[in-house]
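Visitor: To start, I am sharing the structure in question, which I have written as structure tokens.
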Amino acid sequence: MKNVVIAGYVRTPFTMARKGALARVRPDDLAAAAVRGLLAKTGVDGTEIEDLVLGCAFPEGEQGFNMARLVVLMADLPIAVAGVTLNRFCGSSMQAIHQAAGAIQMNAGHAFICAGVESMSRVPMPGFNPSPNPVLYQERPEAYISMGITAENLAKKYSISRQEQEALAVVSHQKAAAAQAAGRFDDEIIAVGEVTQDGCIRPETTADTLAGLKLAFDEQGSVTAGTSSPLTDGAAAALVCSEEFAKANGLPVLARIKSVAVAGCAPEIMGIGPVNATLKALARAGLKAADLDLIELNEAFAAQAIPCVRDLGLDMARINLDGGAIALGHPLGATGARITGKVAALLKREGKQFGLATQCIGGGQGIATILEAV
Amino acid sequence: MEIRKVAVIGAGVMGAGIAAHIANAGVPVVLLDIVPPAAENRNTLAEGAVQKLLKSDPAAFMHPRNARLVTTGNLEDDLALVADCDWIIEAIIERLDLKQDLYQRLDQVRRADAVVSSNTSTIPLQALVAGLPENFAKNFLITHFFNPPRYMRLLEITGGEKTRPEALEAVSRFCDHKLGKGVIHCKDTPAFIANRIGIFWMQVAVLEAMEMGLSVEAADAVMGKPVGVPKTGVFGLLDLVGIDLMPHLMKSMLDALPEGDAFRAKAGMPDLIATMIRDGYTGRKGKGGFYRLNRSHGQKLKESIDLASGEYHASVPANLASVKASARGGLGALIGHPDQGGQYAWRVLSQVLAYAAALVPQIADDITAVDKAMRLGFNWKFGPFELIDQIGAAHFAEKLATDNQPVPALLQQAAAAGGFYRVQDGQLEYLDTAGPYRTLERPEGVLLLEDIKRASQPLLKNASASLWDIGDGVVCLEFTSKMNALDPQILELAMQAIPLVKSRYKALVIYNEGSNFSVGANLGLLLFSANMASWQQIESMIEAGQNTYTALRYAPFPVVGAPSGMALGGGCEILLHCDAVQAHAETYMGLVEVGVGLIPGWGGCKEMLQRWVTNPKRPGGPMPPVIKCFETLSTATVAKSAQEARDYLFLRPQDSITMNRERLLADAKASALRLVEGYQPPEPVEISLPGPTALAAMTMAVHDFHTMGRATDHDVTVSLALAEVLSGGDTDMTETLDEQALLALEREQFMQLLHDNHTLARMEHMLETGKPLRN
């Protein structure tokens, strides 16, 4: 079978929904900016691209039509490049990478742009016309459960105190702030107009400031806005291609895809989704959790990330080196490409061998990708 | 000359508030202030003022969008911005040298015919224009606004000898029509009219209470409702405006008042007040005032100061026989009562009313200007001369004489003539200083039901409503029930009006002159019927309301609603069924039924759904209109102005806004008459709704809010009943729902809620406390 590699990764700045600097930018423009940036950075020949696979969690309104095809046109890719928009909620753009990898291995193309975008300013969660199936809602209300409540459920189930959650949030902000200050994001961020920097990071965050926040979802609970990822606008894109194509074209290979997996779990504790997905991916890669040198674990909520770390027995020191989504933000459809691209880039930067990108998905799922150094 | 652009110099509380209100009128306004020393942002004062205005409560802007009409700047760089302004208002600090210096600078840049006015309350006009060019003086006047400028309707205006009549006329007209002010032409005398009398009143009321050893609670209980003054009375009012203002007011009055003015003898500051100010007890903005809320024991305890010792104690509601007597016997019974309250009322009112009588024509041409100034500037229900008439002018004069107090000449004249006002041939007349009575003329475009009622008999009338012929073929439906609460009799009269108007008239206007258009259905009646389990009767009342409102909607003539003040619940729903609404700018519309555990049952849900579904500007898809209605109704949202009511679709594009309360009826009548020619009743609207899908979506939201702690248990029940109606019930997107189907849903859910004890508890609580119960 062909080897599949990540041969480039970029993202736009991530900024707060509504209040942030990108609130007035259309999501298709955000995605096009990321794709253009990726093309420029990798120097890949556009005519070699088979398909633009674009993840988005609420593909309606300005994210509607078949946004991927429109982004092909907006980014001036050759007319022959196809486009598909896909939705696996927060796992959308990691799914884009999996889909491309599968296609490459079955010889359905050798180079793909795998991108993701969400403007949570302009297409608010849960979309403009939330239309749940009334019968399903009656029989399985958890199918539509709000994300905050799933975090509360995990906090209860795993007895995770508010202080524990806040400690994780503080560290996330510290790491992101340090990375920003040291210019460690410069290599991955593509400016959108005048906007060149992330907007969600709060270096001043302390346990004390977080302790003062109100409970966000359950007046009897423990989760606050400070221990949840913020509503965010942003896009990310990765170049996924066969290893031989990358070598033949002199592309800067970041990492090889070792294995992938998705797995369902109970919707009311969707945040635990990464555990089974990761276990499956590890088994497919023939690895153990201890073999993972680097991990990007999406921090949808601190109350969800901590149980995943516990159940998988992960080493905190290896997770989210430059901060997680609580600090950086979580533009739903864009996050999968960000964390997968980030692991690939980190393997190279840190000179490590194995890396994992994994995240939870609303409705009760997890998705995982294991990468290895080339 | 028409005023199209205005500048305000001075971005303090008054200047900024005036600028905001000019923006409320849709007129662009420039707001300038000085550059503070070492300021990084040279426009910081004006810009900061606009930011503060946007956060002020009650709101200075009628819509946040109006802030965009305010251009901010500073006096050093931006003075040229006033060059194309038709009116420049100076509202800087009360220092003659600074004002004159500013006028010199303004005169360099202003257009030759631009009017300049000062918002001074203490400096005479003659002094302000002294030494300034002739053309400046010709275009100069004083416009005295009251705080807060959006809400206080009084505007005192005066020109000097040299002032062009056209300048005075243009500004008066603008303030009347565009700013909605009651414009009172006064003389250039100290503190003009309202403050001259009002400050005297406050000071006398304080001094007499202290001298008599009255508690502040007792003083305010007398000097409030019994005399037609807001319930803050005097001590509560001083807490509100700031006690530290008093010494400044006294000083400026003493500086300006003529020798021998009765005020001079009263202008001393009591030691207690000086001590309070020194220690920071300046009222609500300070550590406390005559009253304070003591939070030290975990709960809010209302305390009052002891005027003798200066110590606070728990407030005790006053229990005065005189106050009770006044409820039945009026002002005469109050001042004639032997208890402390009666004596206090007499001691204060005798001085204040006599002072007012002695000041006409010195401060105003006639008594109506004084009465109106006190009504609009101090929110008195009656002006001083109206109060004297309530006592009886002759009786009042006698009582003064008995007390060895001087009886002013004008009062003697009134005593002899039989009062300050009289009604002759259905016309209100007032006593003219120069001799006999004169008819009170209303300005063109002012039509008052009060005048019509004085001069005619109602076409139809019952205990809760009347129908009046307001001329030109237009009939007015007036609510007369307590608080204008809607009840079966109002519905009945509205139904009777339809054949009457159809056969003999052209159009119907729904309007009244209460302080609120209507705060909703008669809750007491509803609760009584529910407690008696008269379900049949309740359901027929709900149906009667729906049928009446529907009949008004499809009546073969135009129906125009003309609200002012609150239009809530059923009061809002009747307006939603009118062909057009002519709303006073200070109209507060909302469907607030959930507050008493109910949902709109007189077509409010139906109307709001239809409006949102058919609104061409709404987001696409079946859910947004349902969600919009749900958000607005489930939170009992009340629009805080007529402008804001448009955002919620309580008002539509074809509905209009009148700034001046006194012009509302004439505007509504004109609006109705415009619709007469070729009038066709509206076509019934049918809409499609998502049914169970929408209900599921709203149910999810309700449960999330409950978990968050933002919705109570009964909120959940009420919200779900509302969701049931707004979803369209057992329907589907492929079906259409007519009005009757939606009305039937409203009735069904309304009746179910009424069977719930938690709803009854909410109603009872609202009736007893005036506040919603959060059960």
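Quick note on naming: the chains in the structure tokens go A, B, ... in the order shown, residues restart at 1 in each chain, and ligands are numbered from 1 in order of appearance.
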Could you write out as an mmCIF file with all heavy atoms, in the first residue's frame the residues of chain A within 9 Å of chain B, counting only C-alpha atoms?
Guide:
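To be explicit, this is the file written out as out29.cif:
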```cif
data_model
loop_
_atom_site.group_PDB
_atom_site.id
_atom_site.type_symbol
_atom_site.label_atom_id
_atom_site.label_comp_id
_atom_site.auth_asym_id
_atom_site.auth_seq_id
_atom_site.Cartn_x
_atom_site.Cartn_y
_atom_site.Cartn_z
ATOM 1 N N GLY A 61 -26.144 28.602 5.173
ATOM 2 C CA GLY A 61 -25.926 30.048 5.073
ATOM 3 C C GLY A 61 -24.694 30.310 4.235
ATOM 4 O O GLY A 61 -24.533 29.758 3.146
ATOM 5 N N PHE A 128 -29.180 27.957 11.527
ATOM 6 C CA PHE A 128 -30.312 28.887 11.492
ATOM 7 C C PHE A 128 -31.655 28.188 11.626
ATOM 8 O O PHE A 128 -32.644 28.813 11.970
ATOM 9 C CB PHE A 128 -30.302 29.680 10.181
ATOM 10 C CG PHE A 128 -29.081 30.528 10.021
ATOM 11 C CD1 PHE A 128 -28.161 30.284 9.024
ATOM 12 C CD2 PHE A 128 -28.844 31.580 10.894
ATOM 13 C CE1 PHE A 128 -27.032 31.069 8.881
ATOM 14 C CE2 PHE A 128 -27.715 32.373 10.769
ATOM 15 C CZ PHE A 128 -26.802 32.111 9.753
ATOM 16 N N ASN A 129 -31.694 26.944 11.334
ATOM 17 C CA ASN A 129 -32.964 26.219 11.380
ATOM 18 C C ASN A 129 -32.820 24.889 12.114
ATOM 19 O O ASN A 129 -32.960 23.825 11.526
ATOM 20 C CB ASN A 129 -33.480 25.979 9.955
ATOM 21 C CG ASN A 129 -34.148 27.211 9.399
ATOM 22 O OD1 ASN A 129 -35.337 27.444 9.616
ATOM 23 N ND2 ASN A 129 -33.383 28.035 8.702
ATOM 24 N N PRO A 130 -32.519 24.936 13.384
ATOM 25 C CA PRO A 130 -32.367 23.678 14.123
ATOM 26 C C PRO A 130 -33.694 22.919 14.102
ATOM 27 O O PRO A 130 -34.684 23.408 14.628
ATOM 28 C CB PRO A 130 -32.000 24.128 15.539
ATOM 29 C CG PRO A 130 -32.484 25.540 15.635
ATOM 30 C CD PRO A 130 -32.411 26.103 14.252
ATOM 31 N N SER A 131 -33.707 21.775 13.470
ATOM 32 C CA SER A 131 -34.972 21.051 13.283
ATOM 33 C C SER A 131 -34.848 19.601 13.732
ATOM 34 O O SER A 131 -34.753 18.683 12.919
ATOM 35 C CB SER A 131 -35.372 21.096 11.794
ATOM 36 O OG SER A 131 -35.375 22.433 11.334
ATOM 37 N N PRO A 132 -34.832 19.382 15.036
ATOM 38 C CA PRO A 132 -34.673 18.015 15.528
ATOM 39 C C PRO A 132 -35.868 17.131 15.170
ATOM 40 O O PRO A 132 -36.995 17.620 15.083
ATOM 41 C CB PRO A 132 -34.585 18.206 17.047
ATOM 42 C CG PRO A 132 -35.237 19.519 17.310
ATOM 43 C CD PRO A 132 -34.984 20.359 16.100
ATOM 44 N N ASN A 133 -35.608 15.867 14.987
ATOM 45 C CA ASN A 133 -36.692 14.912 14.757
ATOM 46 C C ASN A 133 -37.448 14.734 16.071
ATOM 47 O O ASN A 133 -36.882 14.262 17.059
ATOM 48 C CB ASN A 133 -36.112 13.569 14.294
ATOM 49 C CG ASN A 133 -37.211 12.572 13.969
ATOM 50 O OD1 ASN A 133 -38.129 12.375 14.753
ATOM 51 N ND2 ASN A 133 -37.110 11.949 12.813
ATOM 52 N N PRO A 134 -38.724 15.105 16.083
ATOM 53 C CA PRO A 134 -39.442 15.099 17.369
ATOM 54 C C PRO A 134 -39.561 13.714 17.994
ATOM 55 O O PRO A 134 -39.550 13.585 19.218
ATOM 56 C CB PRO A 134 -40.815 15.674 17.025
ATOM 57 C CG PRO A 134 -40.900 15.763 15.548
ATOM 58 C CD PRO A 134 -39.516 15.679 14.984
ATOM 59 N N VAL A 135 -39.658 12.679 17.160
ATOM 60 C CA VAL A 135 -39.800 11.330 17.720
ATOM 61 C C VAL A 135 -38.481 10.871 18.331
ATOM 62 O O VAL A 135 -38.423 10.375 19.455
ATOM 63 C CB VAL A 135 -40.286 10.337 16.637
ATOM 64 C CG1 VAL A 135 -40.346 8.922 17.214
ATOM 65 C CG2 VAL A 135 -41.652 10.773 16.112
ATOM 66 N N TYR A 137 -36.173 12.797 19.389
ATOM 67 C CA TYR A 137 -35.928 13.625 20.575
ATOM 68 C C TYR A 137 -36.677 13.084 21.784
ATOM 69 O O TYR A 137 -36.180 13.090 22.895
ATOM 70 C CB TYR A 137 -36.318 15.079 20.314
ATOM 71 C CG TYR A 137 -36.192 15.943 21.538
ATOM 72 C CD1 TYR A 137 -34.971 16.053 22.206
ATOM 73 C CD2 TYR A 137 -37.293 16.617 22.063
ATOM 74 C CE1 TYR A 137 -34.835 16.811 23.353
ATOM 75 C CE2 TYR A 137 -37.172 17.386 23.218
ATOM 76 C CZ TYR A 137 -35.936 17.473 23.847
ATOM 77 O OH TYR A 137 -35.806 18.229 24.990
ATOM 78 N N GLN A 138 -37.883 12.580 21.538
ATOM 79 C CA GLN A 138 -38.660 12.045 22.641
ATOM 80 C C GLN A 138 -38.059 10.738 23.159
ATOM 81 O O GLN A 138 -37.944 10.525 24.355
ATOM 82 C CB GLN A 138 -40.086 11.802 22.159
ATOM 83 C CG GLN A 138 -41.082 11.752 23.288
ATOM 84 C CD GLN A 138 -42.492 11.978 22.771
ATOM 85 O OE1 GLN A 138 -42.758 11.835 21.573
ATOM 86 N NE2 GLN A 138 -43.388 12.339 23.645
ATOM 87 N N PRO A 141 -33.502 11.692 23.873
ATOM 88 C CA PRO A 141 -33.187 13.131 23.946
ATOM 89 C C PRO A 141 -31.683 13.400 23.916
ATOM 90 O O PRO A 141 -31.247 14.461 23.477
ATOM 91 C CB PRO A 141 -33.821 13.580 25.267
ATOM 92 C CG PRO A 141 -34.133 12.332 26.021
ATOM 93 C CD PRO A 141 -34.300 11.239 25.007
ATOM 94 N N TYR A 144 -29.617 14.911 20.961
ATOM 95 C CA TYR A 144 -29.490 16.347 20.671
ATOM 96 C C TYR A 144 -28.924 17.109 21.865
ATOM 97 O O TYR A 144 -29.034 18.319 21.935
ATOM 98 C CB TYR A 144 -30.867 16.918 20.315
ATOM 99 C CG TYR A 144 -31.478 16.312 19.069
ATOM 100 C CD1 TYR A 144 -32.531 15.402 19.153
ATOM 101 C CD2 TYR A 144 -30.998 16.659 17.809
ATOM 102 C CE1 TYR A 144 -33.098 14.854 18.019
ATOM 103 C CE2 TYR A 144 -31.558 16.116 16.666
ATOM 104 C CZ TYR A 144 -32.607 15.211 16.772
ATOM 105 O OH TYR A 144 -33.161 14.680 15.634
ATOM 106 N N ILE A 145 -28.335 16.404 22.789
ATOM 107 C CA ILE A 145 -27.915 17.035 24.043
ATOM 108 C C ILE A 145 -26.936 18.184 23.785
ATOM 109 O O ILE A 145 -26.137 18.136 22.847
ATOM 110 C CB ILE A 145 -27.281 15.959 24.959
ATOM 111 C CG1 ILE A 145 -27.095 16.470 26.372
ATOM 112 C CG2 ILE A 145 -25.950 15.490 24.374
ATOM 113 C CD1 ILE A 145 -26.733 15.361 27.353
ATOM 114 N N SER A 146 -27.017 19.205 24.617
ATOM 115 C CA SER A 146 -26.104 20.336 24.418
ATOM 116 C C SER A 146 -24.714 19.944 24.902
ATOM 117 O O SER A 146 -24.560 19.147 25.830
ATOM 118 C CB SER A 146 -26.609 21.570 25.159
ATOM 119 O OG SER A 146 -26.117 21.590 26.479
ATOM 120 N N ILE A 149 -23.636 20.279 28.583
ATOM 121 C CA ILE A 149 -24.156 19.281 29.523
ATOM 122 C C ILE A 149 -23.341 17.993 29.434
ATOM 123 O O ILE A 149 -23.092 17.319 30.443
ATOM 124 C CB ILE A 149 -25.654 19.012 29.244
ATOM 125 C CG1 ILE A 149 -26.463 20.289 29.474
ATOM 126 C CG2 ILE A 149 -26.180 17.890 30.128
ATOM 127 C CD1 ILE A 149 -26.374 20.861 30.876
ATOM 128 N N LEU A 215 -21.150 29.773 36.390
ATOM 129 C CA LEU A 215 -21.358 28.471 35.753
ATOM 130 C C LEU A 215 -22.116 28.682 34.446
ATOM 131 O O LEU A 215 -23.075 29.448 34.390
ATOM 132 C CB LEU A 215 -22.134 27.555 36.695
ATOM 133 C CG LEU A 215 -21.336 27.204 37.970
ATOM 134 C CD1 LEU A 215 -22.249 26.573 39.005
ATOM 135 C CD2 LEU A 215 -20.164 26.281 37.638
ATOM 136 N N ALA A 216 -21.677 27.999 33.401
ATOM 137 C CA ALA A 216 -22.209 28.314 32.075
ATOM 138 C C ALA A 216 -23.401 27.456 31.671
ATOM 139 O O ALA A 216 -24.254 27.899 30.912
ATOM 140 C CB ALA A 216 -21.102 28.174 31.033
ATOM 141 N N PHE A 217 -23.469 26.228 32.161
ATOM 142 C CA PHE A 217 -24.472 25.301 31.613
ATOM 143 C C PHE A 217 -25.406 24.712 32.666
ATOM 144 O O PHE A 217 -26.524 24.353 32.364
ATOM 145 C CB PHE A 217 -23.779 24.165 30.856
ATOM 146 C CG PHE A 217 -22.796 24.660 29.832
ATOM 147 C CD1 PHE A 217 -21.432 24.638 30.074
ATOM 148 C CD2 PHE A 217 -23.260 25.197 28.632
ATOM 149 C CE1 PHE A 217 -20.534 25.119 29.131
ATOM 150 C CE2 PHE A 217 -22.359 25.680 27.693
ATOM 151 C CZ PHE A 217 -21.004 25.636 27.939
ATOM 152 N N ASP A 218 -24.902 24.564 33.882
ATOM 153 C CA ASP A 218 -25.684 23.912 34.928
ATOM 154 C C ASP A 218 -25.402 24.629 36.234
ATOM 155 O O ASP A 218 -24.250 24.692 36.674
ATOM 156 C CB ASP A 218 -25.268 22.433 35.025
ATOM 157 C CG ASP A 218 -26.099 21.679 36.069
ATOM 158 O OD1 ASP A 218 -26.798 22.337 36.876
ATOM 159 O OD2 ASP A 218 -26.033 20.439 36.074
ATOM 160 N N GLU A 219 -26.475 25.169 36.823
ATOM 161 C CA GLU A 219 -26.259 25.944 38.048
ATOM 162 C C GLU A 219 -25.753 25.080 39.197
ATOM 163 O O GLU A 219 -25.251 25.598 40.183
ATOM 164 C CB GLU A 219 -27.535 26.689 38.446
ATOM 165 C CG GLU A 219 -28.723 25.780 38.707
ATOM 166 C CD GLU A 219 -29.939 26.547 39.222
ATOM 167 O OE1 GLU A 219 -29.755 27.638 39.762
ATOM 168 O OE2 GLU A 219 -31.064 26.049 39.085
ATOM 169 N N GLN A 220 -25.903 23.753 39.056
ATOM 170 C CA GLN A 220 -25.372 22.843 40.074
ATOM 171 C C GLN A 220 -24.029 22.270 39.634
ATOM 172 O O GLN A 220 -23.490 21.393 40.309
ATOM 173 C CB GLN A 220 -26.325 21.644 40.274
ATOM 174 C CG GLN A 220 -27.786 21.984 40.339
ATOM 175 C CD GLN A 220 -28.178 22.494 41.711
ATOM 176 O OE1 GLN A 220 -27.596 22.098 42.709
ATOM 177 N NE2 GLN A 220 -29.139 23.401 41.753
ATOM 178 N N GLY A 221 -23.514 22.718 38.489
ATOM 179 C CA GLY A 221 -22.374 22.033 37.890
ATOM 180 C C GLY A 221 -21.042 22.672 38.200
ATOM 181 O O GLY A 221 -20.870 23.322 39.238
#
```
Visitor: Using only C-alpha atoms, which residues sit within 9 Å of stretch 223-225 of chain B once same-chain residues fewer than 5 positions away are excluded, as an MDAnalysis selection string?
Guide: chainID B and resid 205 218 230:234 323 344:345 348
Visitor: Could you dump the residues just selected with N, CA and C atoms as a PDB file, in the first residue's frame?
Guide:
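Now in out_28.pdb:
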```
ATOM      1  N   ALA B 205     -40.147  72.625  52.064  1.00  0.00           N
ATOM      2  CA  ALA B 205     -40.610  71.333  52.563  1.00  0.00           C
ATOM      3  C   ALA B 205     -39.596  70.723  53.529  1.00  0.00           C
ATOM      4  N   ALA B 218     -42.963  60.537  56.966  1.00  0.00           N
ATOM      5  CA  ALA B 218     -44.245  61.229  57.090  1.00  0.00           C
ATOM      6  C   ALA B 218     -44.301  62.405  56.119  1.00  0.00           C
ATOM      7  N   PRO B 230     -44.924  63.061  42.479  1.00  0.00           N
ATOM      8  CA  PRO B 230     -44.409  61.685  42.454  1.00  0.00           C
ATOM      9  C   PRO B 230     -44.101  61.179  43.865  1.00  0.00           C
ATOM     10  N   LYS B 231     -44.209  59.868  44.047  1.00  0.00           N
ATOM     11  CA  LYS B 231     -44.180  59.326  45.407  1.00  0.00           C
ATOM     12  C   LYS B 231     -42.848  59.508  46.127  1.00  0.00           C
ATOM     13  N   THR B 232     -41.819  59.951  45.398  1.00  0.00           N
ATOM     14  CA  THR B 232     -40.562  60.264  46.079  1.00  0.00           C
ATOM     15  C   THR B 232     -40.737  61.428  47.050  1.00  0.00           C
ATOM     16  N   GLY B 233     -41.813  62.217  46.889  1.00  0.00           N
ATOM     17  CA  GLY B 233     -42.002  63.370  47.757  1.00  0.00           C
ATOM     18  C   GLY B 233     -40.840  64.330  47.594  1.00  0.00           C
ATOM     19  N   VAL B 234     -40.403  64.907  48.703  1.00  0.00           N
ATOM     20  CA  VAL B 234     -39.296  65.867  48.614  1.00  0.00           C
ATOM     21  C   VAL B 234     -37.969  65.229  49.015  1.00  0.00           C
ATOM     22  N   VAL B 323     -53.579  62.001  55.587  1.00  0.00           N
ATOM     23  CA  VAL B 323     -53.312  61.388  54.277  1.00  0.00           C
ATOM     24  C   VAL B 323     -54.499  60.531  53.863  1.00  0.00           C
ATOM     25  N   TYR B 344     -48.527  70.156  58.183  1.00  0.00           N
ATOM     26  CA  TYR B 344     -47.338  70.230  57.324  1.00  0.00           C
ATOM     27  C   TYR B 344     -47.751  70.604  55.898  1.00  0.00           C
ATOM     28  N   ALA B 345     -48.797  69.935  55.407  1.00  0.00           N
ATOM     29  CA  ALA B 345     -49.253  70.220  54.047  1.00  0.00           C
ATOM     30  C   ALA B 345     -49.603  71.698  53.918  1.00  0.00           C
ATOM     31  N   VAL B 348     -46.425  74.062  54.061  1.00  0.00           N
ATOM     32  CA  VAL B 348     -45.621  74.049  52.835  1.00  0.00           C
ATOM     33  C   VAL B 348     -46.410  74.646  51.670  1.00  0.00           C
TER      34      VAL B 348
END
```
Visitor: Residues within 7 Å of A:Ile319, please, as a ChimeraX atom specification. Count only C-alpha atoms; anything in the same chain fewer than 3 positions from it doesn't count.
Guide: /A:294-297,316
Visitor: Which one of B:Asn379, B:Thr72, B:Thr550, B:Thr587 sits closest to B:Gly198 if you count only C-alpha atoms?
Guide: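 The closest residue to B:Gly198 is B:Asn379.
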Visitor: Quick check, in Å to one decimal: how far apart do atom CA of B:Ala357 and atom CA of B:Leu411 lie?
Guide: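 That distance, rounded to one decimal, is 6.2 Å.
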Visitor: Hey, what's within 8 Å of A:Lys280 if we count only C-alpha atoms and toss same-chain stuff fewer than 3 positions away? As an MDAnalysis selection string, please?
Guide: chainID A and resid 260:262 276:277 283:284
